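Chemist: Just passing along the structure, written as structure tokens.
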Amino acid sequence: MSQDPVVVPGVSRRPLTALDLIRVVVLLAALITFALWGFGSWPLPWNIVVGVGAPVVTLLVWALFLSPRAVLHLHPFLRALVELLIYVAVTLAWWSLGHAWMGLAFAVVAVTAGVIAGRRTLA
């Protein structure tokens with residue numbers, strides 16, 4: 001007995017892939033990293049501001065430019081540049097926390113997933 005996908009009139013979505021799940025995990029890791037960095041690297045009144053503000057700003061940038069239903073549609077190369085800037089910021093945050101290998105591992109996974117997703121959208 002096969003499971004046919006439910007077809008909703010007027011809605012066309014592509015099925016979720018493993019790459020989509022990896023990109024969600026990368027985004028969640030970026031948000032958690034910015035929260036850890038903000039709460040751990042700043043003195044008391046600023047740690048709350050940065051610890052909450054950095055993930056919120058990252059999520060806002062993602063929703064505006066990078067999400068599947070982005071508010072502002074960018075050229076694919078500008079979209080890749082925004083995504084790359086987020087990945088660089090997360091990598092630098094890990095380095096400033098003293099975990100350079102964690103930053104490098106995040107960078108490799110995030111950039112690889114981004115390149116594969118970018119090639120898929122351009123194809």
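Ligands are numbered from 1 in the order shown, residues from 1 within each chain, and chains are lettered A, B, ... in the order they appear in the structure tokens.
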Counting only C-alpha atoms, what is within 12 Å of Leu64 of chain A, bar same-chain residues fewer than 4 positions away, as a ChimeraX atom specification?
Modeler: /A:57-60,68-74,79,82-83
Chemist: Keeping only N, CA, C and O atoms, take the residues you just selected and write them out as a PDB file, in the first residue's frame.
Modeler:
ATOM      1  N   VAL A  57      18.284  38.952  15.409  1.00  0.00           N
ATOM      2  CA  VAL A  57      18.705  39.620  14.172  1.00  0.00           C
ATOM      3  C   VAL A  57      19.008  38.585  13.098  1.00  0.00           C
ATOM      4  O   VAL A  57      18.631  38.756  11.930  1.00  0.00           O
ATOM      5  N   THR A  58      19.658  37.499  13.478  1.00  0.00           N
ATOM      6  CA  THR A  58      19.952  36.434  12.512  1.00  0.00           C
ATOM      7  C   THR A  58      18.668  35.823  11.956  1.00  0.00           C
ATOM      8  O   THR A  58      18.549  35.604  10.749  1.00  0.00           O
ATOM      9  N   LEU A  59      17.718  35.571  12.812  1.00  0.00           N
ATOM     10  CA  LEU A  59      16.444  35.009  12.372  1.00  0.00           C
ATOM     11  C   LEU A  59      15.694  35.996  11.483  1.00  0.00           C
ATOM     12  O   LEU A  59      15.072  35.591  10.494  1.00  0.00           O
ATOM     13  N   LEU A  60      15.777  37.265  11.798  1.00  0.00           N
ATOM     14  CA  LEU A  60      15.141  38.290  10.975  1.00  0.00           C
ATOM     15  C   LEU A  60      15.774  38.365   9.590  1.00  0.00           C
ATOM     16  O   LEU A  60      15.063  38.433   8.579  1.00  0.00           O
ATOM     17  N   PRO A  68      12.462  30.022   2.458  1.00  0.00           N
ATOM     18  CA  PRO A  68      11.757  29.645   1.222  1.00  0.00           C
ATOM     19  C   PRO A  68      10.652  30.634   0.844  1.00  0.00           C
ATOM     20  O   PRO A  68      10.352  30.798  -0.325  1.00  0.00           O
ATOM     21  N   ARG A  69      10.073  31.288   1.821  1.00  0.00           N
ATOM     22  CA  ARG A  69       9.057  32.317   1.553  1.00  0.00           C
ATOM     23  C   ARG A  69       9.596  33.687   1.964  1.00  0.00           C
ATOM     24  O   ARG A  69       8.984  34.410   2.743  1.00  0.00           O
ATOM     25  N   ALA A  70      10.750  34.033   1.428  1.00  0.00           N
ATOM     26  CA  ALA A  70      11.423  35.271   1.804  1.00  0.00           C
ATOM     27  C   ALA A  70      10.585  36.489   1.444  1.00  0.00           C
ATOM     28  O   ALA A  70       9.897  36.519   0.421  1.00  0.00           O
ATOM     29  N   VAL A  71      10.657  37.498   2.301  1.00  0.00           N
ATOM     30  CA  VAL A  71       9.925  38.742   2.070  1.00  0.00           C
ATOM     31  C   VAL A  71      10.560  39.514   0.915  1.00  0.00           C
ATOM     32  O   VAL A  71       9.870  40.031   0.037  1.00  0.00           O
ATOM     33  N   LEU A  72      11.875  39.603   0.920  1.00  0.00           N
ATOM     34  CA  LEU A  72      12.616  40.299  -0.133  1.00  0.00           C
ATOM     35  C   LEU A  72      13.387  39.272  -0.952  1.00  0.00           C
ATOM     36  O   LEU A  72      14.253  38.575  -0.425  1.00  0.00           O
ATOM     37  N   HIS A  73      13.080  39.191  -2.211  1.00  0.00           N
ATOM     38  CA  HIS A  73      13.734  38.218  -3.073  1.00  0.00           C
ATOM     39  C   HIS A  73      15.000  38.832  -3.663  1.00  0.00           C
ATOM     40  O   HIS A  73      14.949  39.873  -4.308  1.00  0.00           O
ATOM     41  N   LEU A  74      16.116  38.179  -3.415  1.00  0.00           N
ATOM     42  CA  LEU A  74      17.400  38.648  -3.899  1.00  0.00           C
ATOM     43  C   LEU A  74      17.867  37.805  -5.074  1.00  0.00           C
ATOM     44  O   LEU A  74      17.405  36.681  -5.277  1.00  0.00           O
ATOM     45  N   ARG A  79      21.944  36.379  -2.386  1.00  0.00           N
ATOM     46  CA  ARG A  79      21.391  35.486  -1.366  1.00  0.00           C
ATOM     47  C   ARG A  79      22.494  34.598  -0.797  1.00  0.00           C
ATOM     48  O   ARG A  79      22.595  34.411   0.416  1.00  0.00           O
ATOM     49  N   VAL A  82      24.710  36.733   1.562  1.00  0.00           N
ATOM     50  CA  VAL A  82      24.100  36.935   2.876  1.00  0.00           C
ATOM     51  C   VAL A  82      24.236  35.672   3.718  1.00  0.00           C
ATOM     52  O   VAL A  82      24.595  35.722   4.898  1.00  0.00           O
ATOM     53  N   GLU A  83      23.977  34.536   3.104  1.00  0.00           N
ATOM     54  CA  GLU A  83      24.103  33.266   3.819  1.00  0.00           C
ATOM     55  C   GLU A  83      25.553  33.028   4.251  1.00  0.00           C
ATOM     56  O   GLU A  83      25.814  32.605   5.383  1.00  0.00           O
TER      57      GLU A  83
END
Chemist: Step one, run DSSP on the backbone; step two, keep only residues of chain A assigned to alpha helix (DSSP H); then write them as number ranges by chain.
Modeler: A: 18-41, 44-61, 76-96, 100-122
Chemist: Keeping C-alpha atoms for every residue in the selection just given, could you write it to a file as an mmCIF file, in the first residue's frame?
Modeler:
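Resulting contents of again_36.cif:
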data_model
loop_
_atom_site.group_PDB
_atom_site.id
_atom_site.type_symbol
_atom_site.label_atom_id
_atom_site.label_comp_id
_atom_site.auth_asym_id
_atom_site.auth_seq_id
_atom_site.Cartn_x
_atom_site.Cartn_y
_atom_site.Cartn_z
ATOM 1 C CA ALA A 18 17.677 15.504 3.602
ATOM 2 C CA LEU A 19 19.412 18.681 2.435
ATOM 3 C CA ASP A 20 16.476 20.775 3.654
ATOM 4 C CA LEU A 21 16.743 19.153 7.081
ATOM 5 C CA ILE A 22 20.500 19.749 7.205
ATOM 6 C CA ARG A 23 19.957 23.428 6.374
ATOM 7 C CA VAL A 24 17.393 23.734 9.188
ATOM 8 C CA VAL A 25 19.870 22.151 11.601
ATOM 9 C CA VAL A 26 22.552 24.599 10.396
ATOM 10 C CA LEU A 27 20.209 27.534 11.045
ATOM 11 C CA LEU A 28 19.337 26.239 14.518
ATOM 12 C CA ALA A 29 23.038 25.726 15.257
ATOM 13 C CA ALA A 30 23.712 29.308 14.160
ATOM 14 C CA LEU A 31 20.989 30.659 16.446
ATOM 15 C CA ILE A 32 22.228 28.612 19.412
ATOM 16 C CA THR A 33 25.817 29.663 18.714
ATOM 17 C CA PHE A 34 24.915 33.342 18.686
ATOM 18 C CA ALA A 35 22.998 32.945 21.943
ATOM 19 C CA LEU A 36 25.932 31.142 23.604
ATOM 20 C CA TRP A 37 28.355 33.733 22.276
ATOM 21 C CA GLY A 38 26.201 36.622 23.432
ATOM 22 C CA PHE A 39 25.579 35.291 26.915
ATOM 23 C CA GLY A 40 29.150 34.065 27.395
ATOM 24 C CA SER A 41 31.305 36.805 25.908
ATOM 25 C CA LEU A 44 26.251 41.561 32.564
ATOM 26 C CA PRO A 45 23.932 44.124 31.060
ATOM 27 C CA TRP A 46 25.238 43.550 27.549
ATOM 28 C CA ASN A 47 25.174 39.764 27.678
ATOM 29 C CA ILE A 48 21.383 39.811 27.833
ATOM 30 C CA VAL A 49 21.130 42.308 24.982
ATOM 31 C CA VAL A 50 23.587 40.478 22.729
ATOM 32 C CA GLY A 51 22.528 36.989 23.834
ATOM 33 C CA VAL A 52 18.939 37.681 22.827
ATOM 34 C CA GLY A 53 19.571 40.231 20.077
ATOM 35 C CA ALA A 54 22.086 38.324 17.944
ATOM 36 C CA PRO A 55 19.828 35.285 17.365
ATOM 37 C CA VAL A 56 16.818 37.554 16.768
ATOM 38 C CA VAL A 57 18.705 39.620 14.172
ATOM 39 C CA THR A 58 19.952 36.434 12.512
ATOM 40 C CA LEU A 59 16.444 35.009 12.372
ATOM 41 C CA LEU A 60 15.141 38.290 10.975
ATOM 42 C CA VAL A 61 17.787 38.337 8.241
ATOM 43 C CA PRO A 76 20.857 34.084 -6.081
ATOM 44 C CA PHE A 77 24.417 35.392 -5.747
ATOM 45 C CA LEU A 78 23.405 38.079 -3.241
ATOM 46 C CA ARG A 79 21.391 35.486 -1.366
ATOM 47 C CA ALA A 80 24.483 33.264 -1.206
ATOM 48 C CA LEU A 81 26.551 36.221 0.026
ATOM 49 C CA VAL A 82 24.100 36.935 2.876
ATOM 50 C CA GLU A 83 24.103 33.266 3.819
ATOM 51 C CA LEU A 84 27.895 33.165 3.707
ATOM 52 C CA LEU A 85 28.150 36.243 5.945
ATOM 53 C CA ILE A 86 26.003 34.493 8.558
ATOM 54 C CA TYR A 87 28.222 31.406 8.364
ATOM 55 C CA VAL A 88 31.380 33.516 8.742
ATOM 56 C CA ALA A 89 29.898 35.289 11.761
ATOM 57 C CA VAL A 90 29.029 31.964 13.410
ATOM 58 C CA THR A 91 32.520 30.616 12.715
ATOM 59 C CA LEU A 92 34.094 33.747 14.218
ATOM 60 C CA ALA A 93 31.793 33.445 17.228
ATOM 61 C CA TRP A 94 33.030 29.902 17.859
ATOM 62 C CA TRP A 95 36.629 31.076 17.472
ATOM 63 C CA SER A 96 36.090 33.916 19.954
ATOM 64 C CA ALA A 100 38.241 26.929 16.700
ATOM 65 C CA TRP A 101 37.625 23.329 15.633
ATOM 66 C CA MET A 102 33.918 23.675 16.285
ATOM 67 C CA GLY A 103 33.893 26.814 14.141
ATOM 68 C CA LEU A 104 35.727 25.064 11.330
ATOM 69 C CA ALA A 105 33.404 22.054 11.504
ATOM 70 C CA PHE A 106 30.366 24.339 11.377
ATOM 71 C CA ALA A 107 31.854 26.244 8.426
ATOM 72 C CA VAL A 108 32.527 23.073 6.442
ATOM 73 C CA VAL A 109 29.042 21.631 7.006
ATOM 74 C CA ALA A 110 27.230 24.937 6.450
ATOM 75 C CA VAL A 111 29.124 25.959 3.322
ATOM 76 C CA THR A 112 28.827 22.479 1.824
ATOM 77 C CA ALA A 113 25.066 22.434 2.411
ATOM 78 C CA GLY A 114 24.771 25.966 1.043
ATOM 79 C CA VAL A 115 26.757 25.184 -2.107
ATOM 80 C CA ILE A 116 24.741 22.057 -2.811
ATOM 81 C CA ALA A 117 21.458 23.909 -2.231
ATOM 82 C CA GLY A 118 22.626 26.819 -4.390
ATOM 83 C CA ARG A 119 23.592 24.514 -7.235
ATOM 84 C CA ARG A 120 20.213 22.820 -6.960
ATOM 85 C CA THR A 121 18.346 26.129 -7.237
ATOM 86 C CA LEU A 122 20.437 27.312 -10.187
#
